[in-house]
Amino acid sequence: MSSASTRAGGQGLVLGRIGGAPVVIAPTSVLLGLLIAATWFPALWRSMYGYGLAQVLGVVAGTVLGVALSVLLHELAHGLSGTALGRRPTRYELYLWGGRTSFRPLSAQEGWRPWKDVVTSLSGPAANLALWLVGRWLGTSVGMPYPLDLLVWALTWVNLALAVFNVLPALPLDGGHALAALVEQVSGRARTGQRVAAWCGLVVVAGIAWTWLVRPLLLLGRRPESLSLVLALMVAWPLAQTSWTLLGLGRGSRAAAGLDLRTLAREVQALPASAPLTQVRQVLDDGVGVVVVVDGSQLLGTIDAAGLAQLGGVEESVAPAAAVCTALPPAAVTGEVTGPAAAQALARARQVSRWLLLVEAGSLRGAVPTGAR
């Protein structure tokens with residue numbers, strides 16, 4: 001569906017669509033590009049002695065774009081493997097420190113099994129590993145001008161770093177998702193898989209703290225570099241936060257462990273994209289919390305009472321629901337309805353939507369108000 005038919009439901013620049021799924025660049029991606037440029041430029045300036053500023057900046061720009069392309073190919077590998085196994089992606093997003101591929105929720109009744117999550121999760125790092133091998137071959141077998149050689153060398157090692165980092169057994173990294181799914185496949189218990197991955201995540205965080213903070217101070221007798229500390233904090237914080245929440249540590253986490261979104265859900269009703277707004281208003285007046293606008297099996301967006309009140313002078317008898325519905329971002333749909341995972345889903349949805357739609361066994365079960373305005 002074109003952006004003209006709905007109002008914006010999330011942040012980011014839509015570059016286009018691949019297989020029907022939008023490719024979105026979040027504003028935080030700019031921060032990553034600036035960080036790469038700021039750290040790479042001084043080293044290049046020293047290494048490319050005798051070359052002009054334009055050539056140095058060209059390598060810097062090529063590196064930034066190459067990293068973005070590497071992350072995109074990583075996410076496309078997730079989408080391709082998921083599609084091959086029966087679950088199509090709904091959105092690709094690039095943001096600070098990486099990307100995310102969102103899929104339509106599927107249940108075991110629809111043929112989805114944990115081992116497929118293992119394959120889907122590891123396909124991204126596998127793509128980066130393949131790019132590393134290609135880069136190694138280019139660097140050793142193909143003669144290139146020095147600036148181009150530097151660019152290939154940098155992107156080669158960036159892809160190796162992406163592959164290694166993402167297979168670490170810590171959530172929300174690919175390795176953590178793969179480990180959780182593998183444990184679930186063996187044990188039959190999804191919660192056990194999440195707890196195992198969460199404990200492994202805390203071990204990874206401890207390893208990061210040892211490498212970048214404790215070891216330099218205690219064994220090497222020197223202060224850690226400021227940039228290294230910043231990078232370590234930015235990497236370790238989301239891993240620690242995710243693990244802490246999933247393990248139910250802390251007062252808020254214990255409360256999240258007992259959360260059941262189904263007890264908070266309001267009734268929803270699906271209407272076709274062509275339904276007039278008069279029909280939408282009637283459904284909402286009958287007590288339904290939110291109307292979900294659909295086009296076949298595709299969820300287009302939502303309309304609630306607050307949204308209708310903002311429309312102003314629209315002729316409701318002729319205006320179709322698809323023309324005014326608020327676009328439904330992937331974060332506003334979840335198959336997680338209980339425990340810490342449900343609490344995280346609600347927190348993510350609060351950033352982009354007034355409603356979080358609950359999906360169980362492939363069916364829409366209700367919608368939880370997020371508290372967003």
# chains A, B, ... in the order shown; residues from 1 in each chain; ligands from 1
call {"tool": "select_by_dssp", "arguments": {"residues": "region 95-223 of chain A", "states": "strand (DSSP E)", "output": "list in words"}}
result
Tyr95, Gly98, Gly99, Arg100, Thr101, Ser102 and Phe103 of chain A
call {"tool": "residues_around", "arguments": {"residues": "region 310-318 of chain A", "least_positions_apart": "5", "cutoff": "8 Å", "atoms": "only C-alpha atoms", "output": "short mmCIF file (atom, residue, chain, number, x, y, z; two decimals) with C-alpha atoms, in the first residue's frame"}}
result
data_model
loop_
_atom_site.label_atom_id
_atom_site.label_comp_id
_atom_site.auth_asym_id
_atom_site.auth_seq_id
_atom_site.Cartn_x
_atom_site.Cartn_y
_atom_site.Cartn_z
CA PRO A 276 -16.99 3.65 4.61
CA LEU A 277 -16.20 5.63 7.73
CA THR A 278 -19.87 5.56 8.70
#
call {"tool": "residues_around", "arguments": {"residues": "region 304-308 of chain A", "least_positions_apart": "6", "cutoff": "12 Å", "atoms": "only C-alpha atoms", "output": "mmCIF file with all heavy atoms, in the first residue's frame"}}
result
data_model
loop_
_atom_site.group_PDB
_atom_site.id
_atom_site.type_symbol
_atom_site.label_atom_id
_atom_site.label_comp_id
_atom_site.auth_asym_id
_atom_site.auth_seq_id
_atom_site.Cartn_x
_atom_site.Cartn_y
_atom_site.Cartn_z
ATOM 1 N N ARG A 7 -1.728 7.426 7.214
ATOM 2 C CA ARG A 7 -0.882 8.363 7.913
ATOM 3 C C ARG A 7 0.309 7.621 8.489
ATOM 4 O O ARG A 7 0.254 6.427 8.753
ATOM 5 C CB ARG A 7 -1.676 9.038 9.043
ATOM 6 C CG ARG A 7 -2.743 9.982 8.534
ATOM 7 C CD ARG A 7 -3.556 10.520 9.668
ATOM 8 N NE ARG A 7 -4.422 9.468 10.207
ATOM 9 C CZ ARG A 7 -4.943 9.511 11.431
ATOM 10 N NH1 ARG A 7 -4.667 10.500 12.232
ATOM 11 N NH2 ARG A 7 -5.734 8.546 11.848
ATOM 12 N N ARG A 266 -8.799 -5.074 24.632
ATOM 13 C CA ARG A 266 -10.109 -4.619 24.208
ATOM 14 C C ARG A 266 -10.504 -5.375 22.942
ATOM 15 O O ARG A 266 -9.652 -5.899 22.212
ATOM 16 C CB ARG A 266 -10.078 -3.120 23.911
ATOM 17 C CG ARG A 266 -9.755 -2.227 25.104
ATOM 18 C CD ARG A 266 -11.004 -1.949 25.924
ATOM 19 N NE ARG A 266 -12.075 -1.397 25.096
ATOM 20 C CZ ARG A 266 -12.174 -0.106 24.759
ATOM 21 N NH1 ARG A 266 -11.244 0.758 25.171
ATOM 22 N NH2 ARG A 266 -13.187 0.321 24.023
ATOM 23 N N GLU A 267 -11.794 -5.384 22.673
ATOM 24 C CA GLU A 267 -12.284 -6.059 21.471
ATOM 25 C C GLU A 267 -11.858 -5.302 20.221
ATOM 26 O O GLU A 267 -11.828 -4.066 20.199
ATOM 27 C CB GLU A 267 -13.809 -6.153 21.524
ATOM 28 C CG GLU A 267 -14.416 -6.901 20.339
ATOM 29 C CD GLU A 267 -15.932 -6.914 20.375
ATOM 30 O OE1 GLU A 267 -16.503 -6.421 21.372
ATOM 31 O OE2 GLU A 267 -16.537 -7.402 19.402
ATOM 32 N N VAL A 268 -11.514 -6.052 19.187
ATOM 33 C CA VAL A 268 -11.185 -5.463 17.899
ATOM 34 C C VAL A 268 -12.114 -6.054 16.838
ATOM 35 O O VAL A 268 -12.675 -7.138 17.029
ATOM 36 C CB VAL A 268 -9.715 -5.731 17.493
ATOM 37 C CG1 VAL A 268 -8.762 -5.155 18.508
ATOM 38 C CG2 VAL A 268 -9.465 -7.214 17.302
ATOM 39 N N GLN A 269 -12.264 -5.317 15.755
ATOM 40 C CA GLN A 269 -13.035 -5.834 14.624
ATOM 41 C C GLN A 269 -12.348 -5.438 13.337
ATOM 42 O O GLN A 269 -11.926 -4.294 13.174
ATOM 43 C CB GLN A 269 -14.468 -5.297 14.630
ATOM 44 C CG GLN A 269 -15.310 -5.867 13.492
ATOM 45 C CD GLN A 269 -16.790 -5.583 13.652
ATOM 46 O OE1 GLN A 269 -17.291 -5.473 14.777
ATOM 47 N NE2 GLN A 269 -17.498 -5.464 12.541
ATOM 48 N N LEU A 277 -16.444 5.218 6.352
ATOM 49 C CA LEU A 277 -16.201 5.634 7.725
ATOM 50 C C LEU A 277 -17.467 5.592 8.568
ATOM 51 O O LEU A 277 -17.390 5.476 9.798
ATOM 52 C CB LEU A 277 -15.598 7.031 7.745
ATOM 53 C CG LEU A 277 -14.151 7.148 7.255
ATOM 54 C CD1 LEU A 277 -13.643 8.573 7.429
ATOM 55 C CD2 LEU A 277 -13.248 6.178 7.986
ATOM 56 N N THR A 278 -18.633 5.700 7.936
ATOM 57 C CA THR A 278 -19.866 5.564 8.705
ATOM 58 C C THR A 278 -19.960 4.182 9.354
ATOM 59 O O THR A 278 -20.405 4.047 10.494
ATOM 60 C CB THR A 278 -21.084 5.790 7.789
ATOM 61 O OG1 THR A 278 -20.952 4.972 6.608
ATOM 62 C CG2 THR A 278 -21.199 7.242 7.392
ATOM 63 N N GLN A 279 -19.515 3.151 8.643
ATOM 64 C CA GLN A 279 -19.509 1.809 9.206
ATOM 65 C C GLN A 279 -18.477 1.694 10.316
ATOM 66 O O GLN A 279 -18.721 1.055 11.349
ATOM 67 C CB GLN A 279 -19.227 0.776 8.106
ATOM 68 C CG GLN A 279 -19.292 -0.669 8.602
ATOM 69 C CD GLN A 279 -19.022 -1.674 7.490
ATOM 70 O OE1 GLN A 279 -18.832 -1.296 6.323
ATOM 71 N NE2 GLN A 279 -19.010 -2.945 7.827
ATOM 72 N N VAL A 280 -17.314 2.324 10.123
ATOM 73 C CA VAL A 280 -16.285 2.318 11.160
ATOM 74 C C VAL A 280 -16.805 2.978 12.433
ATOM 75 O O VAL A 280 -16.646 2.455 13.545
ATOM 76 C CB VAL A 280 -15.015 3.054 10.667
ATOM 77 C CG1 VAL A 280 -13.994 3.191 11.799
ATOM 78 C CG2 VAL A 280 -14.391 2.319 9.486
ATOM 79 N N ARG A 281 -17.467 4.122 12.287
ATOM 80 C CA ARG A 281 -17.995 4.838 13.455
ATOM 81 C C ARG A 281 -19.049 3.992 14.173
ATOM 82 O O ARG A 281 -19.092 3.955 15.411
ATOM 83 C CB ARG A 281 -18.583 6.175 13.031
ATOM 84 C CG ARG A 281 -19.068 7.019 14.201
ATOM 85 C CD ARG A 281 -19.520 8.389 13.746
ATOM 86 N NE ARG A 281 -18.410 9.191 13.267
ATOM 87 C CZ ARG A 281 -17.580 9.866 14.063
ATOM 88 N NH1 ARG A 281 -17.721 9.786 15.378
ATOM 89 N NH2 ARG A 281 -16.611 10.589 13.538
ATOM 90 N N GLN A 282 -19.903 3.310 13.421
ATOM 91 C CA GLN A 282 -20.926 2.476 14.038
ATOM 92 C C GLN A 282 -20.303 1.364 14.866
ATOM 93 O O GLN A 282 -20.747 1.064 15.987
ATOM 94 C CB GLN A 282 -21.829 1.879 12.951
ATOM 95 C CG GLN A 282 -22.949 0.990 13.495
ATOM 96 C CD GLN A 282 -23.905 1.744 14.400
ATOM 97 O OE1 GLN A 282 -24.418 2.788 14.026
ATOM 98 N NE2 GLN A 282 -24.151 1.223 15.599
ATOM 99 N N VAL A 283 -19.253 0.739 14.327
ATOM 100 C CA VAL A 283 -18.571 -0.342 15.055
ATOM 101 C C VAL A 283 -17.956 0.188 16.348
ATOM 102 O O VAL A 283 -18.066 -0.433 17.411
ATOM 103 C CB VAL A 283 -17.497 -0.980 14.153
ATOM 104 C CG1 VAL A 283 -16.599 -1.916 14.962
ATOM 105 C CG2 VAL A 283 -18.147 -1.746 13.010
ATOM 106 N N LEU A 284 -17.305 1.354 16.276
ATOM 107 C CA LEU A 284 -16.696 1.928 17.469
ATOM 108 C C LEU A 284 -17.757 2.345 18.481
ATOM 109 O O LEU A 284 -17.567 2.190 19.699
ATOM 110 C CB LEU A 284 -15.829 3.129 17.079
ATOM 111 C CG LEU A 284 -14.583 2.817 16.239
ATOM 112 C CD1 LEU A 284 -13.887 4.106 15.824
ATOM 113 C CD2 LEU A 284 -13.612 1.927 17.018
ATOM 114 N N ASP A 285 -18.890 2.861 18.012
ATOM 115 C CA ASP A 285 -19.974 3.247 18.912
ATOM 116 C C ASP A 285 -20.569 2.039 19.623
ATOM 117 O O ASP A 285 -21.152 2.167 20.714
ATOM 118 C CB ASP A 285 -21.076 3.985 18.147
ATOM 119 C CG ASP A 285 -20.642 5.377 17.704
ATOM 120 O OD1 ASP A 285 -19.635 5.878 18.258
ATOM 121 O OD2 ASP A 285 -21.295 5.946 16.800
ATOM 122 N N ASP A 286 -20.434 0.859 19.031
ATOM 123 C CA ASP A 286 -20.956 -0.371 19.647
ATOM 124 C C ASP A 286 -20.036 -0.909 20.740
ATOM 125 O O ASP A 286 -20.337 -1.955 21.332
ATOM 126 C CB ASP A 286 -21.167 -1.448 18.579
ATOM 127 C CG ASP A 286 -22.343 -1.126 17.666
ATOM 128 O OD1 ASP A 286 -23.189 -0.306 18.066
ATOM 129 O OD2 ASP A 286 -22.392 -1.686 16.555
ATOM 130 N N GLY A 287 -18.902 -0.232 20.989
ATOM 131 C CA GLY A 287 -18.036 -0.629 22.087
ATOM 132 C C GLY A 287 -16.730 -1.277 21.697
ATOM 133 O O GLY A 287 -15.922 -1.642 22.570
ATOM 134 N N VAL A 288 -16.484 -1.454 20.405
ATOM 135 C CA VAL A 288 -15.213 -2.017 19.954
ATOM 136 C C VAL A 288 -14.103 -1.001 20.210
ATOM 137 O O VAL A 288 -14.271 0.200 19.971
ATOM 138 C CB VAL A 288 -15.279 -2.385 18.456
ATOM 139 C CG1 VAL A 288 -13.898 -2.774 17.928
ATOM 140 C CG2 VAL A 288 -16.257 -3.526 18.255
ATOM 141 N N GLY A 289 -12.961 -1.472 20.719
ATOM 142 C CA GLY A 289 -11.878 -0.558 21.054
ATOM 143 C C GLY A 289 -11.188 0.042 19.843
ATOM 144 O O GLY A 289 -10.882 1.235 19.816
ATOM 145 N N VAL A 290 -10.953 -0.770 18.833
ATOM 146 C CA VAL A 290 -10.238 -0.299 17.653
ATOM 147 C C VAL A 290 -10.655 -1.139 16.451
ATOM 148 O O VAL A 290 -10.919 -2.342 16.582
ATOM 149 C CB VAL A 290 -8.703 -0.370 17.862
ATOM 150 C CG1 VAL A 290 -8.251 -1.798 18.108
ATOM 151 C CG2 VAL A 290 -7.948 0.232 16.681
ATOM 152 N N VAL A 291 -10.747 -0.485 15.312
ATOM 153 C CA VAL A 291 -11.038 -1.166 14.055
ATOM 154 C C VAL A 291 -9.726 -1.399 13.314
ATOM 155 O O VAL A 291 -8.906 -0.480 13.187
ATOM 156 C CB VAL A 291 -11.995 -0.322 13.180
ATOM 157 C CG1 VAL A 291 -12.063 -0.883 11.763
ATOM 158 C CG2 VAL A 291 -13.368 -0.289 13.803
ATOM 159 N N VAL A 292 -9.540 -2.624 12.848
ATOM 160 C CA VAL A 292 -8.359 -2.972 12.063
ATOM 161 C C VAL A 292 -8.766 -3.041 10.598
ATOM 162 O O VAL A 292 -9.676 -3.797 10.233
ATOM 163 C CB VAL A 292 -7.759 -4.321 12.510
ATOM 164 C CG1 VAL A 292 -6.548 -4.668 11.656
ATOM 165 C CG2 VAL A 292 -7.367 -4.271 13.980
ATOM 166 N N VAL A 293 -8.124 -2.226 9.778
ATOM 167 C CA VAL A 293 -8.433 -2.166 8.351
ATOM 168 C C VAL A 293 -7.575 -3.199 7.631
ATOM 169 O O VAL A 293 -6.344 -3.210 7.795
ATOM 170 C CB VAL A 293 -8.175 -0.755 7.790
ATOM 171 C CG1 VAL A 293 -8.547 -0.695 6.316
ATOM 172 C CG2 VAL A 293 -8.964 0.282 8.588
ATOM 173 N N VAL A 314 -14.449 15.430 7.011
ATOM 174 C CA VAL A 314 -14.397 14.342 6.042
ATOM 175 C C VAL A 314 -15.800 13.801 5.834
ATOM 176 O O VAL A 314 -16.554 13.584 6.792
ATOM 177 C CB VAL A 314 -13.455 13.221 6.536
ATOM 178 C CG1 VAL A 314 -13.490 12.034 5.576
ATOM 179 C CG2 VAL A 314 -12.040 13.743 6.682
ATOM 180 N N GLU A 315 -16.167 13.586 4.587
ATOM 181 C CA GLU A 315 -17.477 13.030 4.271
ATOM 182 C C GLU A 315 -17.446 11.531 4.564
ATOM 183 O O GLU A 315 -16.971 10.723 3.761
ATOM 184 C CB GLU A 315 -17.813 13.272 2.802
ATOM 185 C CG GLU A 315 -19.186 12.771 2.394
ATOM 186 C CD GLU A 315 -20.299 13.390 3.229
ATOM 187 O OE1 GLU A 315 -20.326 14.644 3.338
ATOM 188 O OE2 GLU A 315 -21.109 12.611 3.784
ATOM 189 N N GLU A 316 -17.949 11.140 5.740
ATOM 190 C CA GLU A 316 -17.783 9.774 6.220
ATOM 191 C C GLU A 316 -18.554 8.747 5.394
ATOM 192 O O GLU A 316 -18.205 7.573 5.374
ATOM 193 C CB GLU A 316 -18.193 9.683 7.685
ATOM 194 C CG GLU A 316 -17.293 10.504 8.609
ATOM 195 C CD GLU A 316 -17.611 10.264 10.076
ATOM 196 O OE1 GLU A 316 -18.509 9.443 10.359
ATOM 197 O OE2 GLU A 316 -16.947 10.885 10.932
ATOM 198 N N ALA A 319 -15.912 8.318 2.292
ATOM 199 C CA ALA A 319 -14.483 8.120 2.529
ATOM 200 C C ALA A 319 -14.223 6.688 2.982
ATOM 201 O O ALA A 319 -14.824 6.219 3.953
ATOM 202 C CB ALA A 319 -13.983 9.102 3.583
ATOM 203 N N ALA A 321 -12.161 3.467 4.635
ATOM 204 C CA ALA A 321 -11.322 3.322 5.824
ATOM 205 C C ALA A 321 -9.845 3.380 5.481
ATOM 206 O O ALA A 321 -9.030 3.923 6.241
ATOM 207 C CB ALA A 321 -11.655 2.016 6.527
ATOM 208 N N VAL A 324 -7.843 6.818 5.608
ATOM 209 C CA VAL A 324 -7.567 7.591 6.820
ATOM 210 C C VAL A 324 -6.972 6.757 7.945
ATOM 211 O O VAL A 324 -6.662 7.293 9.006
ATOM 212 C CB VAL A 324 -8.857 8.277 7.323
ATOM 213 C CG1 VAL A 324 -9.406 9.231 6.277
ATOM 214 C CG2 VAL A 324 -9.917 7.249 7.704
ATOM 215 N N CYS A 325 -6.833 5.454 7.743
ATOM 216 C CA CYS A 325 -6.334 4.630 8.846
ATOM 217 C C CYS A 325 -4.871 4.956 9.149
ATOM 218 O O CYS A 325 -4.119 5.400 8.287
ATOM 219 C CB CYS A 325 -6.484 3.145 8.526
ATOM 220 S SG CYS A 325 -5.463 2.536 7.175
ATOM 221 N N THR A 326 -4.500 4.760 10.393
ATOM 222 C CA THR A 326 -3.109 4.958 10.815
ATOM 223 C C THR A 326 -2.318 3.705 10.482
ATOM 224 O O THR A 326 -2.695 2.597 10.889
ATOM 225 C CB THR A 326 -3.038 5.231 12.327
ATOM 226 O OG1 THR A 326 -3.780 6.412 12.632
ATOM 227 C CG2 THR A 326 -1.592 5.423 12.767
ATOM 228 N N ALA A 327 -1.234 3.866 9.738
ATOM 229 C CA ALA A 327 -0.436 2.707 9.310
ATOM 230 C C ALA A 327 0.011 1.895 10.514
ATOM 231 O O ALA A 327 0.310 2.425 11.586
ATOM 232 C CB ALA A 327 0.783 3.171 8.522
ATOM 233 N N SER A 353 2.573 3.484 18.572
ATOM 234 C CA SER A 353 1.151 3.252 18.333
ATOM 235 C C SER A 353 0.347 3.386 19.619
ATOM 236 O O SER A 353 0.868 3.150 20.715
ATOM 237 C CB SER A 353 0.941 1.858 17.739
ATOM 238 O OG SER A 353 -0.438 1.548 17.600
ATOM 239 N N ARG A 354 -0.928 3.752 19.467
ATOM 240 C CA ARG A 354 -1.829 3.773 20.624
ATOM 241 C C ARG A 354 -2.327 2.381 20.985
ATOM 242 O O ARG A 354 -2.894 2.180 22.063
ATOM 243 C CB ARG A 354 -3.033 4.687 20.336
ATOM 244 C CG ARG A 354 -2.693 6.155 20.301
ATOM 245 C CD ARG A 354 -3.960 7.011 20.361
ATOM 246 N NE ARG A 354 -4.782 6.890 19.185
ATOM 247 C CZ ARG A 354 -4.739 7.745 18.165
ATOM 248 N NH1 ARG A 354 -3.890 8.754 18.191
ATOM 249 N NH2 ARG A 354 -5.537 7.584 17.122
ATOM 250 N N TRP A 355 -2.123 1.404 20.096
ATOM 251 C CA TRP A 355 -2.644 0.059 20.317
ATOM 252 C C TRP A 355 -1.583 -0.989 20.020
ATOM 253 O O TRP A 355 -0.771 -0.826 19.103
ATOM 254 C CB TRP A 355 -3.865 -0.198 19.430
ATOM 255 C CG TRP A 355 -5.017 0.695 19.736
ATOM 256 C CD1 TRP A 355 -5.300 1.905 19.157
ATOM 257 C CD2 TRP A 355 -6.031 0.484 20.723
ATOM 258 N NE1 TRP A 355 -6.425 2.450 19.713
ATOM 259 C CE2 TRP A 355 -6.904 1.596 20.674
ATOM 260 C CE3 TRP A 355 -6.296 -0.540 21.628
ATOM 261 C CZ2 TRP A 355 -8.016 1.708 21.501
ATOM 262 C CZ3 TRP A 355 -7.411 -0.433 22.444
ATOM 263 C CH2 TRP A 355 -8.255 0.671 22.385
ATOM 264 N N ALA A 367 -6.784 -6.077 21.272
ATOM 265 C CA ALA A 367 -5.836 -4.971 21.216
ATOM 266 C C ALA A 367 -5.707 -4.355 22.594
ATOM 267 O O ALA A 367 -6.709 -4.144 23.289
ATOM 268 C CB ALA A 367 -6.293 -3.933 20.195
ATOM 269 N N PRO A 369 -4.500 -1.091 24.801
ATOM 270 C CA PRO A 369 -4.093 0.315 24.707
ATOM 271 C C PRO A 369 -2.723 0.493 25.329
ATOM 272 O O PRO A 369 -2.447 0.006 26.412
ATOM 273 C CB PRO A 369 -5.179 1.055 25.510
ATOM 274 C CG PRO A 369 -5.825 0.024 26.366
ATOM 275 C CD PRO A 369 -5.687 -1.287 25.646
ATOM 276 N N ALA A 372 0.020 5.535 24.661
ATOM 277 C CA ALA A 372 0.589 6.580 23.804
ATOM 278 C C ALA A 372 -0.512 7.523 23.364
ATOM 279 O O ALA A 372 -1.671 7.138 23.225
ATOM 280 C CB ALA A 372 1.281 5.952 22.596
ATOM 281 N N ARG A 373 -0.115 8.764 23.119
ATOM 282 C CA ARG A 373 -1.099 9.764 22.670
ATOM 283 C C ARG A 373 -1.327 9.645 21.160
ATOM 284 O O ARG A 373 -0.453 9.285 20.444
ATOM 285 C CB ARG A 373 -0.589 11.176 22.994
ATOM 286 C CG ARG A 373 -0.531 11.433 24.503
ATOM 287 C CD ARG A 373 -0.124 12.856 24.772
ATOM 288 N NE ARG A 373 -0.039 13.118 26.201
ATOM 289 C CZ ARG A 373 -1.074 13.475 26.952
ATOM 290 N NH1 ARG A 373 -2.255 13.628 26.403
ATOM 291 N NH2 ARG A 373 -0.942 13.705 28.242
#
call {"tool": "closest_residue", "arguments": {"among": "A:Ala127, A:Ala273, A:Ala206, A:Ala341", "to": "Ala323 (chain A)", "atoms": "only C-alpha atoms"}}
result
A:Ala273
call {"tool": "residues_around", "arguments": {"residues": "Ser121 (chain A)", "least_positions_apart": "5", "cutoff": "8 Å", "atoms": "only C-alpha atoms", "output": "PyMOL selection string"}}
result
chain A and resi 78+174-175+177-178
call {"tool": "write_last_selection", "arguments": {"atoms": "N, CA, C and O atoms", "output": "short mmCIF file (atom, residue, chain, number, x, y, z; two decimals), in the first residue's frame"}}
result
data_model
loop_
_atom_site.label_atom_id
_atom_site.label_comp_id
_atom_site.auth_asym_id
_atom_site.auth_seq_id
_atom_site.Cartn_x
_atom_site.Cartn_y
_atom_site.Cartn_z
N HIS A 78 18.00 -12.77 6.44
CA HIS A 78 16.94 -13.21 7.36
C HIS A 78 15.62 -13.35 6.61
O HIS A 78 14.92 -14.36 6.75
N ASP A 174 21.34 -12.27 17.07
CA ASP A 174 20.91 -13.46 16.33
C ASP A 174 21.32 -14.75 17.04
O ASP A 174 20.56 -15.71 17.07
N GLY A 175 22.52 -14.75 17.61
CA GLY A 175 22.98 -15.94 18.32
C GLY A 175 22.11 -16.27 19.51
O GLY A 175 21.85 -17.45 19.81
N HIS A 177 18.85 -15.50 19.80
CA HIS A 177 17.59 -16.03 19.28
C HIS A 177 17.76 -17.47 18.81
O HIS A 177 16.88 -18.31 19.04
N ALA A 178 18.89 -17.76 18.17
CA ALA A 178 19.13 -19.12 17.69
C ALA A 178 19.27 -20.09 18.87
O ALA A 178 18.73 -21.20 18.84
#
call {"tool": "residues_around", "arguments": {"residues": "Val294 (chain A)", "least_positions_apart": "6", "cutoff": "7 Å", "atoms": "only C-alpha atoms", "output": "CSV table (one decimal) with C-alpha atoms, in the first residue's frame"}}
result
chain,number,residue,atom,x,y,z
A,270,ALA,CA,-11.6,-6.1,11.1
A,271,LEU,CA,-13.2,-4.2,8.3
A,272,PRO,CA,-12.2,-4.2,4.6
A,273,ALA,CA,-10.2,-1.3,3.2
A,300,LEU,CA,-3.2,-2.1,6.7
call {"tool": "residues_around", "arguments": {"residues": "Ala345 (chain A)", "least_positions_apart": "3", "cutoff": "12 Å", "atoms": "only C-alpha atoms", "output": "ChimeraX atom specification"}}
result
/A:242,256,259-261,330-342,348-353,355-358,368,370
call {"tool": "select_by_dssp", "arguments": {"residues": "region 252-371 of chain A", "states": "helix (DSSP H, G or I)", "output": "PyMOL selection string"}}
result
chain A and resi 252-257+261-263+277-285+305-309+321-323+330-332+339-350
call {"tool": "atom_distance", "arguments": {"atom1": "CA of Thr263 (chain A)", "atom2": "CA of Ser102 (chain A)"}}
result
25.5 Å
call {"tool": "closest_residue", "arguments": {"among": "A:Leu220, A:Ala170, A:Leu247, A:Val214", "to": "Cys200 (chain A)", "atoms": "only C-alpha atoms"}}
result
A:Ala170
call {"tool": "atom_distance", "arguments": {"atom1": "CA of Gln185 (chain A)", "atom2": "CA of Leu80 (chain A)"}}
result
21.7 Å
call {"tool": "atom_distance", "arguments": {"atom1": "CA of Leu233 (chain A)", "atom2": "CA of Val64 (chain A)"}}
result
21.9 Å
call {"tool": "closest_atom_pairs", "arguments": {"of": "region 66-161 of chain A", "to": "region 189-194 of chain A", "cutoff": "12 Å", "atoms": "only C-alpha atoms", "output": "Markdown table"}}
result
| residue | atom | partner | partner_atom | distance |
| --- | --- | --- | --- | --- |
| A:Arg113 | CA | A:Ala190 | CA | 11.1 |
| A:Pro114 | CA | A:Ala190 | CA | 8.7 |
| A:Trp115 | CA | A:Ala190 | CA | 12.0 |
| A:Asp117 | CA | A:Ala190 | CA | 11.8 |
| A:Val118 | CA | A:Gly193 | CA | 11.8 |
call {"tool": "write_last_selection", "arguments": {"atoms": "C-alpha atoms", "output": "PDB file, in the first residue's frame"}}
result
ATOM      1  CA  ARG A 113       8.850 -24.846  14.363  1.00  0.00           C
ATOM      2  CA  PRO A 114      11.706 -23.566  16.555  1.00  0.00           C
ATOM      3  CA  TRP A 115      14.391 -25.066  14.303  1.00  0.00           C
ATOM      4  CA  ASP A 117      13.944 -19.799  13.901  1.00  0.00           C
ATOM      5  CA  VAL A 118      17.471 -21.184  14.296  1.00  0.00           C
TER       6      VAL A 118
END
